[in-house]
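Asks: Have a look at this one before I ask anything.
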Amino acid sequence: MSPLHLLINGSRGRMGQALVACSAHFPELQVSAQVDAGDDFAGAIGGADAVIDFSHHSTVELVLARCIEHGKTLVIGTTGHSDLQIAAIRHAAGSIPIVYAPNYSVGVNTLFWLTRKATEILGPHFDLEVVEMHHRLKKDAPSGTAKRLAEILAEVRQVSYQDDARHGRHGIVGERTDSEIGVHAIRGGDVVGDHTVIYATQGERVELTHKASSRDTFANGALRAAIWAHGKPAGLYDMQDVLGLK
């Protein structure tokens, strides 16, 4: 059986390098092309079966167009997409299989599942906060993972992430409302990614935390997603699908 040929977009970045290194541990995979800014993405895609994109969210429309044109499976690892870009991703999923996840770590996706369950079990009387920390070079805030955690909290509580998320607090902001979900981003050093969901009420507090110490955890998950998605019907999938957590 021939291996699945991958094109890694963003190959010279930290995640791209991790993907290349980790792919050596997957005998069913072969990296056929490594592409980064200034390289010929369109010329390289023909020899690949699937694309893993960890470049930059600004290139997503180009990546989608080329993957549709050539019928390639796509794993999107970039974050910080605009509403229009998210709409473009959803539209493209009508033509090709796409895995689009804010985080490809198996542990983080377990945290997503636990967060939903804990929020259902604990009920409406706990105040909800999300705290994340990343390295000083990260450009977007909050992280895609923190946003997804807050979205899960909002879904279970039946409130709006857009309206009820509170991104940090400063000044005389008044008492905390029952519906708000605090989201706080910390930046410094070389932290790969820490995320904590806090449930606080009178007399007790519950915290769910995931800490990543290596980018390999994200790379291995993305490679696993590419293997899983290839050959699937066109559609929009995430790591909950890949891991069978839905």
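Residue numbering restarts at 1 in every chain; chains get A, B, ... in the order shown in the structure tokens, and ligands count up from 1 in that same order.
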I'd like the neighbourhood of stretch 152-164 of chain A as an MDAnalysis selection string, where a residue qualifies if any of its atoms comes within 10 Å (using only C-alpha atoms), though same-chain residues fewer than 5 positions away should be ignored.
Replies: chainID A and resid 112:113 115:120 123:124 128:130 146:147 177:182 197
Asks: Give the strand (DSSP E) residues of stretch 62-240 of chain A, as assigned by DSSP on the backbone, as JSON, numbers by chain.
Replies: {"A": [73, 74, 75, 76, 97, 98, 99, 100, 127, 128, 129, 130, 131, 132, 133, 134, 165, 166, 167, 181, 182, 183, 184, 185, 186, 187, 193, 194, 195, 196, 197, 198, 199, 200, 201, 204, 205, 206, 207, 208, 209, 210, 211, 212, 235, 236, 237]}
Asks: Near stretch 94-102 of chain A, within 10 Å and counting only C-alpha atoms, which residues show up once chain neighbours fewer than 6 positions away are dropped, as a ChimeraX atom specification?
Replies: /A:50-52,64,67-80,86,108-109,143-149,222,225-226,228-242
Asks: Find the residues near A:Met15: any atom within 8 Å, counting only C-alpha atoms, skip ones fewer than 4 places away on the same chain, and give them as a list in words.
Replies: Gly10, Ser11, Leu19, Phe54, Arg215 and Ala219 of chain A
Asks: Which residues are near A:Asp190? Cut-off 8 Å, only C-alpha atoms, ignore same chain within fewer than 2 positions. Put them as a ChimeraX atom specification.
Replies: /A:134-136,188,192
Asks: With N, CA and C atoms kept, could you save the residues just selected as an mmCIF file, in the first residue's frame?
Replies:
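Saved the output as out-v2.cif:
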data_model
loop_
_atom_site.group_PDB
_atom_site.id
_atom_site.type_symbol
_atom_site.label_atom_id
_atom_site.label_comp_id
_atom_site.auth_asym_id
_atom_site.auth_seq_id
_atom_site.Cartn_x
_atom_site.Cartn_y
_atom_site.Cartn_z
ATOM 1 N N HIS A 134 0.568 31.718 26.316
ATOM 2 C CA HIS A 134 1.396 31.277 25.204
ATOM 3 C C HIS A 134 2.687 32.083 25.153
ATOM 4 N N HIS A 135 3.595 31.624 24.321
ATOM 5 C CA HIS A 135 4.899 32.258 24.141
ATOM 6 C C HIS A 135 4.748 33.696 23.662
ATOM 7 N N ARG A 136 5.777 34.461 23.850
ATOM 8 C CA ARG A 136 5.746 35.901 23.584
ATOM 9 C C ARG A 136 5.628 36.240 22.086
ATOM 10 N N GLY A 188 4.189 35.350 27.242
ATOM 11 C CA GLY A 188 5.527 35.488 27.788
ATOM 12 C C GLY A 188 6.377 34.255 27.593
ATOM 13 N N VAL A 192 4.486 26.838 25.265
ATOM 14 C CA VAL A 192 3.869 26.247 24.075
ATOM 15 C C VAL A 192 2.360 26.453 24.095
#
Asks: Could you check the closest approach to A:Gly38 for each of A:Arg12, A:His25, A:His57, A:His91 and tell me which residue wins, using only C-alpha atoms?
Replies: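 The shortest atom-to-atom distance to A:Gly38 comes from A:Arg12.
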Asks: Let's see if you can do this: from backbone DSSP, list all helix (DSSP H, G or I) residues in stretch 57-169 of chain A, as an NGL selection string.
Replies: :A and (57-70 or 83-92 or 106-122 or 144-157 or 161-164)
Asks: Output C-alpha atoms for every residue in the selection just made, as a PDB file, in the first residue's frame.
Replies:
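Result went into out-v9.pdb, see below:
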ATOM      1  CA  HIS A  57      -4.590  32.643   8.218  1.00  0.00           C
ATOM      2  CA  SER A  58      -4.153  35.299   5.520  1.00  0.00           C
ATOM      3  CA  THR A  59      -3.419  32.581   2.944  1.00  0.00           C
ATOM      4  CA  VAL A  60      -6.478  30.428   3.641  1.00  0.00           C
ATOM      5  CA  GLU A  61      -8.448  31.532   0.550  1.00  0.00           C
ATOM      6  CA  LEU A  62      -5.546  30.586  -1.737  1.00  0.00           C
ATOM      7  CA  VAL A  63      -5.090  27.245   0.002  1.00  0.00           C
ATOM      8  CA  LEU A  64      -8.805  26.463  -0.241  1.00  0.00           C
ATOM      9  CA  ALA A  65      -8.951  27.375  -3.931  1.00  0.00           C
ATOM     10  CA  ARG A  66      -5.990  25.179  -4.874  1.00  0.00           C
ATOM     11  CA  CYS A  67      -7.178  22.223  -2.780  1.00  0.00           C
ATOM     12  CA  ILE A  68     -10.614  22.392  -4.417  1.00  0.00           C
ATOM     13  CA  GLU A  69      -9.054  22.724  -7.878  1.00  0.00           C
ATOM     14  CA  HIS A  70      -6.946  19.584  -7.357  1.00  0.00           C
ATOM     15  CA  ASP A  83     -15.926  35.554   9.784  1.00  0.00           C
ATOM     16  CA  LEU A  84     -15.600  35.790   5.992  1.00  0.00           C
ATOM     17  CA  GLN A  85     -12.712  33.326   5.993  1.00  0.00           C
ATOM     18  CA  ILE A  86     -14.660  30.897   8.186  1.00  0.00           C
ATOM     19  CA  ALA A  87     -17.558  31.162   5.751  1.00  0.00           C
ATOM     20  CA  ALA A  88     -15.126  30.366   2.893  1.00  0.00           C
ATOM     21  CA  ILE A  89     -13.889  27.293   4.777  1.00  0.00           C
ATOM     22  CA  ARG A  90     -17.451  26.067   5.287  1.00  0.00           C
ATOM     23  CA  HIS A  91     -18.239  26.631   1.615  1.00  0.00           C
ATOM     24  CA  ALA A  92     -15.101  24.756   0.502  1.00  0.00           C
ATOM     25  CA  VAL A 106      -5.441  14.724  21.741  1.00  0.00           C
ATOM     26  CA  GLY A 107      -5.229  16.052  25.301  1.00  0.00           C
ATOM     27  CA  VAL A 108      -6.803  19.406  24.412  1.00  0.00           C
ATOM     28  CA  ASN A 109      -9.615  17.707  22.555  1.00  0.00           C
ATOM     29  CA  THR A 110     -10.237  15.625  25.648  1.00  0.00           C
ATOM     30  CA  LEU A 111     -10.359  18.957  27.535  1.00  0.00           C
ATOM     31  CA  PHE A 112     -13.029  20.187  25.090  1.00  0.00           C
ATOM     32  CA  TRP A 113     -15.110  17.082  25.848  1.00  0.00           C
ATOM     33  CA  LEU A 114     -14.585  17.379  29.614  1.00  0.00           C
ATOM     34  CA  THR A 115     -15.467  21.080  29.530  1.00  0.00           C
ATOM     35  CA  ARG A 116     -18.822  20.370  27.927  1.00  0.00           C
ATOM     36  CA  LYS A 117     -19.596  17.601  30.408  1.00  0.00           C
ATOM     37  CA  ALA A 118     -18.472  19.580  33.455  1.00  0.00           C
ATOM     38  CA  THR A 119     -20.540  22.586  32.404  1.00  0.00           C
ATOM     39  CA  GLU A 120     -23.616  20.385  32.023  1.00  0.00           C
ATOM     40  CA  ILE A 121     -23.053  18.690  35.401  1.00  0.00           C
ATOM     41  CA  LEU A 122     -22.186  21.783  37.456  1.00  0.00           C
ATOM     42  CA  GLY A 144      -8.096  29.556  18.997  1.00  0.00           C
ATOM     43  CA  THR A 145      -8.229  26.939  21.749  1.00  0.00           C
ATOM     44  CA  ALA A 146      -9.322  29.443  24.392  1.00  0.00           C
ATOM     45  CA  LYS A 147     -11.982  30.787  22.057  1.00  0.00           C
ATOM     46  CA  ARG A 148     -13.299  27.268  21.440  1.00  0.00           C
ATOM     47  CA  LEU A 149     -13.403  26.547  25.174  1.00  0.00           C
ATOM     48  CA  ALA A 150     -15.412  29.738  25.710  1.00  0.00           C
ATOM     49  CA  GLU A 151     -17.694  28.828  22.819  1.00  0.00           C
ATOM     50  CA  ILE A 152     -18.384  25.440  24.431  1.00  0.00           C
ATOM     51  CA  LEU A 153     -19.240  27.167  27.711  1.00  0.00           C
ATOM     52  CA  ALA A 154     -21.556  29.554  25.841  1.00  0.00           C
ATOM     53  CA  GLU A 155     -23.244  26.716  23.950  1.00  0.00           C
ATOM     54  CA  VAL A 156     -24.048  24.777  27.114  1.00  0.00           C
ATOM     55  CA  ARG A 157     -25.224  27.903  28.972  1.00  0.00           C
ATOM     56  CA  TYR A 161     -19.946  34.049  22.826  1.00  0.00           C
ATOM     57  CA  GLN A 162     -19.981  37.222  20.764  1.00  0.00           C
ATOM     58  CA  ASP A 163     -22.054  39.150  23.310  1.00  0.00           C
ATOM     59  CA  ASP A 164     -21.137  37.555  26.636  1.00  0.00           C
TER      60      ASP A 164
END
Asks: Give the answer as one residue: which of A:Glu204, A:His5, A:Asp194, A:Phe126 has the shortest atom-to-atom distance to A:Ser105, using only C-alpha atoms?
Replies: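 Nearest candidate to A:Ser105 out of A:Glu204, A:His5, A:Asp194, A:Phe126: A:Asp194.
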Asks: What's the 8 Å shell around stretch 41-43 of chain A, counting only C-alpha atoms, without same-chain residues fewer than 3 positions away, as a count of residues only?
Replies: 5
Asks: Leaving out A:Met133 and any residue of its chain fewer than 4 positions from it, which residues lie within 12 Å of it when counting only C-alpha atoms, given as a PyMOL selection string?
Replies: chain A and resi 137-138+140-146+183-196+209-212
Asks: Can you work out which one of A:Ser2, A:Ala44, A:Lys246, A:Leu223 has the shortest atom-to-atom distance to A:Ala24, counting only C-alpha atoms?
Replies: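 Result for the nearest residue to A:Ala24: A:Leu223.
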Asks: Measure the distance from atom CA of A:Arg14 to atom CA of A:Gln30 in Å and round it to one decimal.
Replies: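 Result for atom CA of A:Arg14 versus atom CA of A:Gln30: 19.2 Å, one decimal.
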Asks: Quick check, in Å to one decimal: how far apart do atom CA of A:Asn103 and atom CA of A:Phe218 lie?
Replies: 6.9 Å
